Each structure stands twice: as structure tokens, then as C-alpha cells.
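Q: What follows is data.txt, compact mmCIF, C-alpha atoms.
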```txt
# COMPACT_ATOMS: atom_id res chain seq x y z
CA GLU A 1 0.00 0.00 0.00
CA VAL A 2 1.37 3.38 -1.01
CA GLN A 3 1.74 5.77 1.91
CA LEU A 4 2.98 9.34 2.01
CA LEU A 5 3.42 10.94 5.41
CA GLU A 6 4.26 14.63 5.66
CA SER A 7 5.75 16.28 8.72
CA GLY A 8 7.47 19.49 9.72
CA GLY A 9 4.62 21.96 9.52
CA GLY A 10 3.91 24.51 12.21
CA LEU A 11 3.75 28.18 13.11
CA VAL A 12 6.57 30.39 11.86
CA GLN A 13 7.07 34.14 11.78
CA PRO A 14 7.24 36.06 8.50
CA GLY A 15 10.75 35.85 7.10
CA GLY A 16 11.38 32.58 8.88
CA SER A 17 12.23 29.13 7.57
CA LEU A 18 10.74 25.67 7.78
CA ARG A 19 11.63 22.28 6.34
CA LEU A 20 8.92 19.84 5.39
CA SER A 21 9.51 16.12 5.01
CA CYS A 22 7.48 13.43 3.28
CA ALA A 23 8.22 9.79 4.11
CA ALA A 24 7.19 7.43 1.33
CA SER A 25 6.51 3.70 1.40
CA GLY A 26 4.76 1.03 -0.61
CA PHE A 27 6.37 1.80 -3.95
CA THR A 28 9.82 2.16 -5.51
CA PHE A 29 10.41 5.76 -4.45
CA SER A 30 13.51 6.22 -6.59
CA SER A 31 11.54 5.48 -9.78
CA TYR A 32 9.03 8.29 -9.51
CA ALA A 33 9.12 12.06 -9.62
CA MET A 34 7.47 13.76 -6.68
CA ASN A 35 5.65 17.04 -6.26
CA TRP A 36 4.47 19.43 -3.57
CA VAL A 37 1.01 20.99 -3.82
CA ARG A 38 -0.46 23.44 -1.30
CA GLN A 39 -3.90 24.61 -0.33
CA ALA A 40 -4.50 27.82 1.56
CA PRO A 41 -7.33 27.65 4.14
CA GLY A 42 -10.65 27.59 2.31
CA LYS A 43 -8.95 28.02 -1.05
CA GLY A 44 -8.05 25.90 -4.06
CA LEU A 45 -5.03 23.80 -4.92
CA GLU A 46 -1.74 25.37 -6.02
CA TRP A 47 1.19 23.49 -7.50
CA VAL A 48 4.43 24.37 -5.70
CA SER A 49 7.32 22.27 -6.93
CA ALA A 50 8.44 19.07 -8.64
CA ILE A 51 11.58 16.95 -8.59
CA SER A 52 12.63 14.17 -10.95
CA ASP A 53 13.19 10.61 -9.79
CA SER A 54 16.97 11.00 -9.65
CA ALA A 55 16.77 14.53 -8.20
CA GLY A 56 18.58 15.79 -11.26
CA ARG A 57 15.83 18.22 -12.19
CA ALA A 58 13.76 20.52 -10.00
CA TYR A 59 10.96 22.88 -10.94
CA TYR A 60 9.13 25.64 -9.06
CA ALA A 61 6.06 27.81 -9.26
CA ASP A 62 6.90 31.47 -9.79
CA SER A 63 5.37 32.27 -6.40
CA VAL A 64 8.05 30.29 -4.55
CA LYS A 65 11.01 30.40 -6.93
CA GLY A 66 14.16 31.55 -5.16
CA ARG A 67 12.67 30.94 -1.69
CA PHE A 68 11.81 27.23 -1.68
CA THR A 69 14.07 24.28 -2.47
CA ILE A 70 12.83 20.78 -3.21
CA SER A 71 15.09 17.80 -2.63
CA ARG A 72 14.93 14.07 -2.02
CA ASP A 73 16.96 11.30 -0.43
CA ASN A 74 16.23 8.09 -2.30
CA SER A 75 18.20 6.07 0.25
CA LYS A 76 15.71 7.21 2.90
CA ASN A 77 12.60 7.26 0.66
CA THR A 78 12.03 10.84 1.75
CA LEU A 79 11.04 14.04 -0.04
CA TYR A 80 11.82 17.49 1.37
CA LEU A 81 10.78 21.08 0.91
CA GLN A 82 13.01 23.75 2.41
CA MET A 83 11.03 26.96 2.75
CA ASN A 84 12.86 30.24 3.41
CA SER A 85 11.75 33.87 3.57
CA LEU A 86 8.25 32.74 4.41
CA ARG A 87 5.35 35.12 3.85
CA ALA A 88 1.79 35.22 5.16
CA GLU A 89 0.57 34.09 1.75
CA ASP A 90 2.53 30.84 2.13
CA THR A 91 0.10 29.77 4.86
CA ALA A 92 -1.44 26.53 3.63
CA VAL A 93 -1.70 22.80 3.97
CA TYR A 94 1.21 21.32 2.06
CA TYR A 95 0.70 17.96 0.37
CA CYS A 96 3.37 15.75 -1.12
CA SER A 97 2.19 13.79 -4.10
CA LYS A 98 3.42 10.95 -6.29
CA VAL A 99 3.21 11.20 -10.06
CA ARG A 100 1.07 8.61 -11.79
CA SER A 101 3.68 7.35 -14.23
CA SER A 102 7.41 6.92 -13.87
CA VAL A 103 7.96 8.75 -17.16
CA LEU A 104 6.25 11.91 -15.93
CA VAL A 105 7.60 14.71 -13.74
CA ARG A 106 5.31 17.73 -13.65
CA THR A 107 2.17 17.10 -15.68
CA GLY A 108 -0.27 17.40 -12.80
CA GLU A 109 -1.14 13.70 -12.66
CA PHE A 110 -0.82 12.72 -9.01
CA ASP A 111 -2.18 9.31 -8.05
CA TYR A 112 -1.26 9.35 -4.37
CA TRP A 113 -1.27 12.21 -1.87
CA GLY A 114 -0.23 12.51 1.74
CA GLN A 115 -2.58 13.77 4.43
CA GLY A 116 -0.93 17.17 4.38
CA THR A 117 0.92 19.29 6.92
CA LEU A 118 -0.22 22.78 7.92
CA VAL A 119 2.19 25.69 7.66
CA THR A 120 1.08 28.91 9.30
CA VAL A 121 3.10 32.08 8.73
CA SER A 122 2.11 34.72 11.25
CA SER A 123 3.61 37.05 13.81
CA GLN B 1 -0.03 31.55 -14.66
CA SER B 2 -3.71 32.25 -13.99
CA ALA B 3 -5.89 29.54 -12.52
CA LEU B 4 -8.13 27.61 -14.86
CA THR B 5 -11.76 28.75 -14.77
CA GLN B 6 -14.35 26.49 -13.17
CA PRO B 7 -17.88 27.26 -12.00
CA ALA B 8 -17.94 27.89 -8.27
CA SER B 9 -20.77 25.46 -7.72
CA VAL B 10 -23.00 22.93 -9.44
CA SER B 11 -25.80 20.81 -8.11
CA GLY B 12 -27.92 17.86 -9.10
CA SER B 13 -30.33 15.31 -7.73
CA PRO B 14 -29.46 11.67 -7.12
CA GLY B 15 -29.47 9.71 -10.36
CA GLN B 16 -29.00 12.77 -12.53
CA SER B 17 -25.91 13.73 -14.53
CA ILE B 18 -23.87 16.89 -14.10
CA THR B 19 -20.97 18.41 -16.01
CA ILE B 20 -18.23 20.62 -14.64
CA SER B 21 -16.29 22.77 -17.09
CA CYS B 22 -12.67 23.83 -16.89
CA THR B 23 -11.60 26.62 -19.22
CA GLY B 24 -8.02 27.55 -19.96
CA THR B 25 -6.04 28.67 -22.96
CA SER B 26 -4.08 27.18 -25.82
CA SER B 27 -1.04 27.36 -23.51
CA ASP B 28 -2.50 24.86 -21.09
CA VAL B 29 -5.77 22.94 -21.50
CA GLY B 30 -5.98 23.43 -25.25
CA GLY B 31 -2.37 22.60 -25.94
CA TYR B 32 -1.76 19.38 -24.04
CA LYS B 33 -3.32 16.03 -23.23
CA TYR B 34 -2.31 16.38 -19.57
CA VAL B 35 -5.64 17.44 -18.11
CA SER B 36 -6.61 15.80 -14.83
CA TRP B 37 -9.55 15.95 -12.46
CA TYR B 38 -9.51 15.57 -8.68
CA GLN B 39 -12.21 14.97 -6.09
CA GLN B 40 -11.69 16.36 -2.59
CA HIS B 41 -13.93 15.70 0.37
CA PRO B 42 -13.75 18.12 3.34
CA GLY B 43 -10.59 17.66 5.36
CA LYS B 44 -9.24 15.02 3.01
CA ALA B 45 -6.50 14.89 0.40
CA PRO B 46 -7.47 15.16 -3.26
CA LYS B 47 -8.14 11.96 -5.21
CA LEU B 48 -7.27 11.52 -8.87
CA MET B 49 -10.45 10.80 -10.84
CA ILE B 50 -9.41 11.43 -14.46
CA TYR B 51 -6.02 11.77 -16.16
CA GLU B 52 -4.97 12.58 -19.72
CA VAL B 53 -8.36 14.19 -20.39
CA SER B 54 -10.47 11.04 -20.32
CA ASN B 55 -8.70 8.15 -18.62
CA ARG B 56 -9.86 6.71 -15.32
CA PRO B 57 -7.41 5.30 -12.79
CA SER B 58 -8.08 1.79 -11.57
CA GLY B 59 -10.82 1.79 -8.95
CA VAL B 60 -12.58 4.96 -10.09
CA SER B 61 -16.22 4.43 -11.00
CA ASN B 62 -17.14 4.52 -14.68
CA ARG B 63 -19.79 7.07 -13.72
CA PHE B 64 -16.98 9.60 -14.01
CA SER B 65 -15.89 10.63 -17.50
CA GLY B 66 -13.78 13.38 -19.00
CA SER B 67 -13.55 15.14 -22.33
CA LYS B 68 -12.01 18.18 -23.96
CA SER B 69 -12.94 20.55 -26.74
CA GLY B 70 -10.55 23.32 -27.62
CA ASN B 71 -9.49 25.16 -24.49
CA THR B 72 -12.26 23.69 -22.32
CA ALA B 73 -12.19 20.37 -20.51
CA SER B 74 -15.22 18.80 -18.88
CA LEU B 75 -15.92 16.30 -16.14
CA THR B 76 -19.25 14.49 -16.29
CA ILE B 77 -20.67 12.51 -13.41
CA SER B 78 -23.60 10.32 -14.27
CA GLY B 79 -25.99 8.61 -11.88
CA LEU B 80 -25.21 11.10 -9.12
CA GLN B 81 -24.84 9.63 -5.65
CA ALA B 82 -24.73 11.31 -2.27
CA GLU B 83 -21.07 10.32 -1.89
CA ASP B 84 -20.17 12.36 -4.98
CA GLU B 85 -20.78 15.56 -3.01
CA ALA B 86 -17.32 17.13 -2.82
CA ASP B 87 -15.07 19.76 -4.34
CA TYR B 88 -13.69 19.05 -7.80
CA TYR B 89 -10.54 20.50 -9.31
CA CYS B 90 -9.12 20.32 -12.81
CA SER B 91 -5.42 20.65 -13.56
CA SER B 92 -3.30 21.04 -16.65
CA TYR B 93 0.32 21.08 -17.73
CA THR B 94 1.32 24.47 -19.11
CA SER B 95 3.65 25.74 -21.80
CA SER B 96 5.81 27.34 -19.14
CA GLY B 97 6.54 23.93 -17.71
CA SER B 98 4.37 24.26 -14.65
CA VAL B 99 1.06 22.85 -13.47
CA VAL B 100 -2.04 24.99 -13.07
CA PHE B 101 -5.20 24.06 -11.17
CA GLY B 102 -8.72 25.32 -11.55
CA GLY B 103 -10.34 27.33 -8.79
CA GLY B 104 -12.50 24.38 -7.79
CA THR B 105 -16.18 23.53 -8.06
CA LYS B 106 -18.39 22.57 -5.14
CA LEU B 107 -20.80 19.81 -6.11
CA THR B 108 -23.98 19.60 -4.07
CA VAL B 109 -26.18 16.52 -4.34
CA LEU B 110 -29.69 17.72 -3.57
```
Any chance you could put this one into C-alpha cells?
A:
Amino acid sequence: EVQLLESGGGLVQPGGSLRLSCAASGFTFSSYAMNWVRQAPGKGLEWVSAISDSAGRAYYADSVKGRFTISRDNSKNTLYLQMNSLRAEDTAVYYCSKVRSSVLVRTGEFDYWGQGTLVTVSS
Amino acid sequence: QSALTQPASVSGSPGQSITISCTGTSSDVGGYKYVSWYQQHPGKAPKLMIYEVSNRPSGVSNRFSGSKSGNTASLTISGLQAEDEADYYCSSYTSSGSVVFGGGTKLTVL
């Protein structure tokens, strides 16, 4: 059974940093690209970032480019999102998601999602 | 990248069919086969219902179907059931190499 378990969310002040983790199991983690998607309270979904299976390629939404860094450790089956210079508008539930096919990276086809971790940016 | 345009809400009675539209541009919906649809119940993670415009993942009911015409994609749910009441989101790959979601549609089963 595929499982994705996010952690690392919490309350942080504007300008602060936070690192999210996503522990994966139930599939060959190193064969699939992974993505982060967020959802502000009461709002819709927003794609944040993607990383290829080998971690050789990373992609970002314009809203987080230069502030967020996606990475992965295939030896630990874990996905990360380092978030710096956080702003109030980054407040959201952050989901890690697995791409549907091993040949895809950032097409928006996510067949498994974690339960999400809440990041609140406030003073 | 602007969000894809979806109606804020749709409704239907049990047994009826409803269609949710998702309008983009030739740089996203109209230009690629990578249009997906997600169902999200309150407090839960999204669930993939349709991928590549009209394909259903294993385990998704055949009451759910997808299509596309030009820059507009559509999700049709036939034989509405109470459990279908949820928020629905479309998504598309874009020419800028990113992913864009629709604003979401709240489906109410009357």
C-alpha cells in the first residue's frame, strides 16, 4: 500500500524558515518524480514544486522560486521542501504527491497524496 | 499563470448527470493532453479521478468521464450519488513547464 506521510509543519514568523519532510513507502520511491502541492485555508489547490526521480531536475512555481528548495533522499525514501523567507501568503496545507507514471515529472497527474501538513506564517 | 476557470458550484439530484467545465487557454488545456480531475472531500486529500483528459485510474467508478474541446475540458458525473458531493478541481500542464489548477467547483447533491 502506497503511503505518504508529511511532517514538519507549524507556526513560523514572516521571514522565517521551515523544512517539510514526506516519508514514502509502498512503492519504488527512486523510480518516480514527486511534487508538492499546497492549499490555503478555504482556497483551491496550487502546485508548488516538482523533482525528478533521480533529483537531477527541480521545478518551481513562480510564487516560490528563489525561496523554496525541493530535494529528495532516495536512500531514505524521503522528499523534502526547504522553505525560506516565508510570507503570510505561504500559509497553507502542504501535500506531497506521487506522479502517476514513472515517465512523468510535472504534468499534474498525481495518483497518491499525503494527508498534508499545515504551515502557518504569522507574527 | 492564472488559474483555470471552473464554475464555483454545481448541483444535481441523485441519479441525474452533471458536467463541470474547466476553461483555460491554448497554452495549457488546449495545448496538451495532460488534463486531470480531482475529487476532494472536506478535510481530506485530493483523489485523482481522471487523467490525460479522459482516462480513469483503476478503482474509479465509470460514472466519471472526462472530455475536452478546444481550451475547455469537462468532467461528467452520471448517476449522481450522495457520496459524490465534494469539491472538484481540474489541472493542466502548461507551456511554461508548470502545473495549473482550476479554482475548484463545489458539487452539491440535492
Q: Kindly give the distance, in Å, that separates CA of Asn84 in chain A and CA of Gly15 in chain A, rounded to a single decimal.
A: 7.0 Å
Q: Between B:Ser58, B:Gln81, B:Thr72, B:Ser17, which is the closest to chain A once you count only C-alpha atoms?
A: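 Closest candidate: B:Ser58.
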Q: Using all atoms listed in the file, pick whichever of A:Leu11, A:Trp36, A:Phe68, A:Val105 has the shortest atom-to-atom distance to Gly56 in chain A.
A: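 Residue with the minimum atom-to-atom distance to Gly56 in chain A: A:Val105.
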Q: Using only C-alpha atoms and a distance of at most 8 Å, pull out the residues of chain B that contact chain A, as a PyMOL selection string.
A: chain B and resi 34-36+44-48+51+89+91-93+97-104
Q: So that I can see what lies close to range 62-67 of chain B, please list as a VMD selection string the residues with an atom at most 7 Å from it, counting all atoms listed in the file and leaving out residues fewer than 3 positions away in the same chain.
A: chain B and resid 50 53 to 54 73 to 79
Q: What gap, in Å, lies between CA of Gly26 in chain A and CA of Gln3 in chain A?
A: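 Value for the CA of Gly26 in chain A-CA of Gln3 in chain A distance: 6.2 Å.
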Q: Using all atoms listed in the file, which residue out of A:Asn77, A:Ser102, A:Ser123, A:Thr91 lies closest to Arg38 in chain A?
A: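 Of A:Asn77, A:Ser102, A:Ser123, A:Thr91, the one nearest Arg38 in chain A is A:Thr91, counting all atoms listed in the file.
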Q: Just want the 7 Å neighbourhood of Leu118 in chain A, counted on all atoms listed in the file, with same-chain residues fewer than 2 positions away dropped. Output as a VMD selection string.
A: chain A and resid 9 to 10 92 to 94 116 120
Q: Using all atoms listed in the file, find the one residue out of B:Pro14, B:Thr94, B:Gly30, B:Tyr38 that sits nearest to Gln1 in chain B.
A: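 With all atoms listed in the file as the atom set, the closest residue is B:Thr94.
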Q: Would you list the contacts of Ser54 in chain A as a list of chain:residue names, taking every protein, DNA or RNA residue within 12 Å and counting all atoms listed in the file, but skipping same-chain residues closer than 2 positions in sequence?
A: A:Phe29, A:Ser30, A:Ser31, A:Tyr32, A:Ala33, A:Met34, A:Ala50, A:Ile51, A:Ser52, A:Gly56, A:Arg57, A:Ala58, A:Ser71, A:Arg72, A:Asp73, A:Asn74, A:Ser75, A:Asn77, A:Leu79, A:Ser102, A:Val103, A:Val105
